Amino acid sequence: MANYFDYRVITSSLIQAVRTATGYPCIEANGTGEQPAYPFATFTITSPKITIQRDDENAPFELTVSLTWHDESSLSVLNLAKKCESYFKSTAGRSVFVAKGVVIVDIMGFDRRDNFISIEYERMAGFDVSMRVLDPFLDEVDPITQIRTNGGI
């Protein structure tokens with residue numbers, strides 16, 4: 001097991017949940033790979049670590065992921081975003097994340113995110129998801145098992 005939180009836990013859960021909910025792909029926003037055919041979703045980890053208690057060993061923390069749908073139709077992106085939002089709120093959707101130790105805390109900011117490209121618009125809609133995870137960090141130091149004072153134990 002890693003001694004740090006691996007963000008691939010979040011991204012693989014998100015990709016799986018989007019595919020299950022809609023049948024369409026979800027890719028990292030602003031990535032270098034090839035763009036899939038419309039419609040598709042993109043994700044961005046907008047706030048990678050929000051400390052919610054003392055930042056110590058095995059401390060939980062929150063993060064925010066932005067999910068955005070892309071297509072040529074504004075109704076299509078609104079429907080797909082709403083379908084995903086509903087799935088993420090459902091027991092089945094949350095279980096995809098819980099199975100990997102991720103808790104969905106809140107879903108917020110559902111809105112249109114259209115982008116003007118040259119002479120036309122790429123229609124976009126999405127929302128943000130606040131998630132809580134446990135940082136598996138453990139400080140690997142040898143414990144103090146004996147203390148000697150003035151030559152004694």
# chains A, B, ... in the order shown; residues from 1 in each chain; ligands from 1

call {"tool": "select_by_dssp", "arguments": {"residues": "chain A", "states": "helix (DSSP H, G or I)", "output": "VMD selection string"}}
result
chain A and resid 8 to 22 74 to 89 91 to 98

call {"tool": "residues_around", "arguments": {"residues": "stretch 64-80 of chain A", "least_positions_apart": "6", "cutoff": "7 Å", "atoms": "only C-alpha atoms", "output": "NGL selection string"}}
result
:A and (38-48 or 122-131)

call {"tool": "write_last_selection", "arguments": {"atoms": "N, CA and C atoms", "output": "compact mmCIF listing (two decimals), in the first residue's frame"}}
result
# COMPACT_ATOMS: atom_id res chain seq x y z
N TYR A 38 -18.34 13.52 -29.78
CA TYR A 38 -19.42 14.02 -28.91
C TYR A 38 -20.47 12.95 -28.72
N PRO A 39 -21.15 12.92 -27.61
CA PRO A 39 -20.89 13.65 -26.38
C PRO A 39 -19.84 12.93 -25.53
N PHE A 40 -19.18 13.68 -24.67
CA PHE A 40 -18.23 13.11 -23.72
C PHE A 40 -18.13 14.05 -22.53
N ALA A 41 -17.57 13.54 -21.45
CA ALA A 41 -17.38 14.33 -20.23
C ALA A 41 -15.90 14.53 -19.99
N THR A 42 -15.57 15.62 -19.31
CA THR A 42 -14.20 15.85 -18.86
C THR A 42 -14.23 16.11 -17.36
N PHE A 43 -13.09 15.83 -16.72
CA PHE A 43 -12.97 16.12 -15.29
C PHE A 43 -11.71 16.92 -15.03
N THR A 44 -11.76 17.72 -14.00
CA THR A 44 -10.61 18.48 -13.51
C THR A 44 -10.65 18.44 -12.00
N ILE A 45 -9.54 18.12 -11.38
CA ILE A 45 -9.46 18.21 -9.92
C ILE A 45 -9.11 19.65 -9.60
N THR A 46 -10.12 20.43 -9.22
CA THR A 46 -9.94 21.87 -9.04
C THR A 46 -9.35 22.24 -7.69
N SER A 47 -9.66 21.47 -6.66
CA SER A 47 -9.09 21.67 -5.32
C SER A 47 -8.59 20.32 -4.84
N PRO A 48 -7.29 20.04 -5.00
CA PRO A 48 -6.80 18.70 -4.71
C PRO A 48 -6.71 18.32 -3.23
N GLU A 122 -19.33 25.38 -28.46
CA GLU A 122 -19.33 24.02 -27.94
C GLU A 122 -20.22 24.09 -26.71
N ARG A 123 -21.26 23.30 -26.68
CA ARG A 123 -22.19 23.34 -25.56
C ARG A 123 -21.64 22.51 -24.41
N MET A 124 -21.68 23.11 -23.23
CA MET A 124 -21.14 22.43 -22.06
C MET A 124 -22.03 22.69 -20.85
N ALA A 125 -22.13 21.70 -19.99
CA ALA A 125 -22.84 21.83 -18.73
C ALA A 125 -22.19 20.86 -17.76
N GLY A 126 -22.27 21.19 -16.48
CA GLY A 126 -21.66 20.30 -15.52
C GLY A 126 -21.92 20.74 -14.10
N PHE A 127 -21.14 20.14 -13.20
CA PHE A 127 -21.27 20.41 -11.77
C PHE A 127 -19.96 20.03 -11.09
N ASP A 128 -19.85 20.42 -9.83
CA ASP A 128 -18.68 20.09 -9.03
C ASP A 128 -19.07 19.08 -7.96
N VAL A 129 -18.13 18.22 -7.62
CA VAL A 129 -18.35 17.19 -6.61
C VAL A 129 -17.30 17.33 -5.53
N SER A 130 -17.77 17.47 -4.30
CA SER A 130 -16.87 17.50 -3.15
C SER A 130 -16.78 16.08 -2.60
N MET A 131 -15.55 15.60 -2.42
CA MET A 131 -15.33 14.22 -1.97
C MET A 131 -14.41 14.22 -0.75

call {"tool": "atom_distance", "arguments": {"atom1": "atom CA of A:Ser13", "atom2": "atom CA of A:Ile52"}}
result
22.1 Å

call {"tool": "atom_distance", "arguments": {"atom1": "atom CA of A:Phe88", "atom2": "atom CA of A:Ile107"}}
result
8.3 Å

call {"tool": "atom_distance", "arguments": {"atom1": "atom CA of A:Ile10", "atom2": "atom CA of A:Arg113"}}
result
22.6 Å

call {"tool": "select_by_dssp", "arguments": {"residues": "chain A", "states": "strand (DSSP E)", "output": "short mmCIF file (atom, residue, chain, number, x, y, z; two decimals) with N, CA and C atoms, in the first residue's frame"}}
result
data_model
loop_
_atom_site.label_atom_id
_atom_site.label_comp_id
_atom_site.auth_asym_id
_atom_site.auth_seq_id
_atom_site.Cartn_x
_atom_site.Cartn_y
_atom_site.Cartn_z
N CYS A 26 -15.38 9.55 -20.23
CA CYS A 26 -14.99 10.69 -19.39
C CYS A 26 -13.46 10.73 -19.42
N ILE A 27 -12.91 11.89 -19.80
CA ILE A 27 -11.46 12.04 -19.93
C ILE A 27 -11.00 13.23 -19.10
N GLU A 28 -9.70 13.31 -18.89
CA GLU A 28 -9.13 14.44 -18.17
C GLU A 28 -9.22 15.70 -19.05
N PHE A 40 -19.18 13.68 -24.67
CA PHE A 40 -18.23 13.11 -23.72
C PHE A 40 -18.13 14.05 -22.53
N ALA A 41 -17.57 13.54 -21.45
CA ALA A 41 -17.38 14.33 -20.23
C ALA A 41 -15.90 14.53 -19.99
N THR A 42 -15.57 15.62 -19.31
CA THR A 42 -14.20 15.85 -18.86
C THR A 42 -14.23 16.11 -17.36
N PHE A 43 -13.09 15.83 -16.72
CA PHE A 43 -12.97 16.12 -15.29
C PHE A 43 -11.71 16.92 -15.03
N THR A 44 -11.76 17.72 -14.00
CA THR A 44 -10.61 18.48 -13.51
C THR A 44 -10.65 18.44 -12.00
N ILE A 45 -9.54 18.12 -11.38
CA ILE A 45 -9.46 18.21 -9.92
C ILE A 45 -9.11 19.65 -9.60
N THR A 46 -10.12 20.43 -9.22
CA THR A 46 -9.94 21.87 -9.04
C THR A 46 -9.35 22.24 -7.69
N SER A 47 -9.66 21.47 -6.66
CA SER A 47 -9.09 21.67 -5.32
C SER A 47 -8.59 20.32 -4.84
N PRO A 48 -7.29 20.04 -5.00
CA PRO A 48 -6.80 18.70 -4.71
C PRO A 48 -6.71 18.32 -3.23
N LYS A 49 -6.63 19.31 -2.35
CA LYS A 49 -6.55 18.96 -0.93
C LYS A 49 -7.08 20.09 -0.08
N ILE A 50 -8.19 19.82 0.60
CA ILE A 50 -8.78 20.77 1.54
C ILE A 50 -8.71 20.11 2.91
N THR A 51 -7.88 20.64 3.78
CA THR A 51 -7.70 20.07 5.11
C THR A 51 -8.95 20.32 5.93
N PRO A 60 -8.28 12.47 7.32
CA PRO A 60 -9.15 12.65 6.16
C PRO A 60 -8.98 14.05 5.58
N PHE A 61 -9.21 14.17 4.29
CA PHE A 61 -9.22 15.49 3.65
C PHE A 61 -10.25 15.46 2.54
N GLU A 62 -10.64 16.63 2.09
CA GLU A 62 -11.60 16.73 1.01
C GLU A 62 -10.93 17.27 -0.24
N LEU A 63 -11.58 17.03 -1.37
CA LEU A 63 -11.12 17.56 -2.65
C LEU A 63 -12.34 17.84 -3.50
N THR A 64 -12.16 18.70 -4.49
CA THR A 64 -13.27 19.04 -5.38
C THR A 64 -12.90 18.69 -6.80
N VAL A 65 -13.83 18.02 -7.47
CA VAL A 65 -13.66 17.63 -8.86
C VAL A 65 -14.77 18.30 -9.67
N SER A 66 -14.39 18.90 -10.78
CA SER A 66 -15.36 19.51 -11.69
C SER A 66 -15.60 18.55 -12.84
N LEU A 67 -16.88 18.25 -13.11
CA LEU A 67 -17.27 17.37 -14.20
C LEU A 67 -18.05 18.19 -15.22
N THR A 68 -17.61 18.16 -16.48
CA THR A 68 -18.23 18.96 -17.53
C THR A 68 -18.55 18.07 -18.74
N TRP A 69 -19.77 18.21 -19.25
CA TRP A 69 -20.19 17.50 -20.45
C TRP A 69 -20.01 18.39 -21.67
N HIS A 70 -19.61 17.80 -22.80
CA HIS A 70 -19.36 18.52 -24.05
C HIS A 70 -20.19 17.88 -25.16
N ASP A 71 -20.85 18.72 -25.97
CA ASP A 71 -21.62 18.24 -27.12
C ASP A 71 -21.98 19.45 -27.98
N VAL A 103 -15.88 9.12 -0.28
CA VAL A 103 -17.24 9.50 0.11
C VAL A 103 -17.61 10.79 -0.62
N ILE A 104 -18.77 10.78 -1.28
CA ILE A 104 -19.27 12.00 -1.91
C ILE A 104 -19.92 12.84 -0.82
N VAL A 105 -19.38 14.03 -0.59
CA VAL A 105 -19.86 14.92 0.46
C VAL A 105 -20.97 15.82 -0.06
N ASP A 106 -20.78 16.39 -1.25
CA ASP A 106 -21.75 17.35 -1.78
C ASP A 106 -21.60 17.43 -3.29
N ILE A 107 -22.71 17.75 -3.95
CA ILE A 107 -22.73 18.03 -5.38
C ILE A 107 -23.26 19.44 -5.51
N MET A 108 -22.50 20.30 -6.20
CA MET A 108 -22.85 21.71 -6.21
C MET A 108 -22.52 22.34 -7.56
N GLY A 109 -23.04 23.53 -7.77
CA GLY A 109 -22.68 24.34 -8.93
C GLY A 109 -23.14 23.80 -10.26
N PHE A 110 -24.30 23.16 -10.32
CA PHE A 110 -24.81 22.67 -11.59
C PHE A 110 -25.11 23.88 -12.48
N ASP A 111 -24.44 23.96 -13.63
CA ASP A 111 -24.64 25.11 -14.49
C ASP A 111 -24.20 24.83 -15.92
N ARG A 112 -24.54 25.79 -16.79
CA ARG A 112 -24.07 25.74 -18.18
C ARG A 112 -22.67 26.32 -18.22
N ASN A 115 -18.79 27.25 -24.41
CA ASN A 115 -17.50 27.78 -24.84
C ASN A 115 -17.63 28.23 -26.31
N PHE A 116 -17.33 29.49 -26.56
CA PHE A 116 -17.38 30.01 -27.93
C PHE A 116 -16.09 29.61 -28.64
N ILE A 117 -16.23 28.84 -29.72
CA ILE A 117 -15.08 28.39 -30.51
C ILE A 117 -15.20 28.99 -31.90
N GLU A 120 -18.67 29.21 -33.71
CA GLU A 120 -19.78 28.44 -33.14
C GLU A 120 -19.49 28.14 -31.67
N TYR A 121 -20.46 27.57 -31.01
CA TYR A 121 -20.34 27.22 -29.60
C TYR A 121 -20.17 25.73 -29.41
N GLU A 122 -19.33 25.38 -28.46
CA GLU A 122 -19.33 24.02 -27.94
C GLU A 122 -20.22 24.09 -26.71
N ARG A 123 -21.26 23.30 -26.68
CA ARG A 123 -22.19 23.34 -25.56
C ARG A 123 -21.64 22.51 -24.41
N MET A 124 -21.68 23.11 -23.23
CA MET A 124 -21.14 22.43 -22.06
C MET A 124 -22.03 22.69 -20.85
N ALA A 125 -22.13 21.70 -19.99
CA ALA A 125 -22.84 21.83 -18.73
C ALA A 125 -22.19 20.86 -17.76
N GLY A 126 -22.27 21.19 -16.48
CA GLY A 126 -21.66 20.30 -15.52
C GLY A 126 -21.92 20.74 -14.10
N PHE A 127 -21.14 20.14 -13.20
CA PHE A 127 -21.27 20.41 -11.77
C PHE A 127 -19.96 20.03 -11.09
N ASP A 128 -19.85 20.42 -9.83
CA ASP A 128 -18.68 20.09 -9.03
C ASP A 128 -19.07 19.08 -7.96
N VAL A 129 -18.13 18.22 -7.62
CA VAL A 129 -18.35 17.19 -6.61
C VAL A 129 -17.30 17.33 -5.53
N SER A 130 -17.77 17.47 -4.30
CA SER A 130 -16.87 17.50 -3.15
C SER A 130 -16.78 16.08 -2.60
N MET A 131 -15.55 15.60 -2.42
CA MET A 131 -15.33 14.22 -1.97
C MET A 131 -14.41 14.22 -0.75
N ARG A 132 -14.56 13.19 0.09
CA ARG A 132 -13.70 13.03 1.27
C ARG A 132 -12.98 11.69 1.16
N VAL A 133 -11.68 11.74 1.44
CA VAL A 133 -10.85 10.54 1.39
C VAL A 133 -9.95 10.50 2.62
N LEU A 134 -9.33 9.37 2.82
CA LEU A 134 -8.41 9.21 3.94
C LEU A 134 -6.99 9.13 3.40
#

call {"tool": "closest_residue", "arguments": {"among": "A:Phe137, A:Val96, A:Gly23, A:Arg148", "to": "A:Thr11", "atoms": "only C-alpha atoms"}}
result
A:Val96

call {"tool": "closest_residue", "arguments": {"among": "A:Gly33, A:Asp135, A:Tyr4, A:Lys83", "to": "A:Arg19", "atoms": "only C-alpha atoms"}}
result
A:Lys83

call {"tool": "closest_residue", "arguments": {"among": "A:Cys84, A:Ala37, A:Ala59, A:Gln53", "to": "A:Ile15", "atoms": "only C-alpha atoms"}}
result
A:Cys84
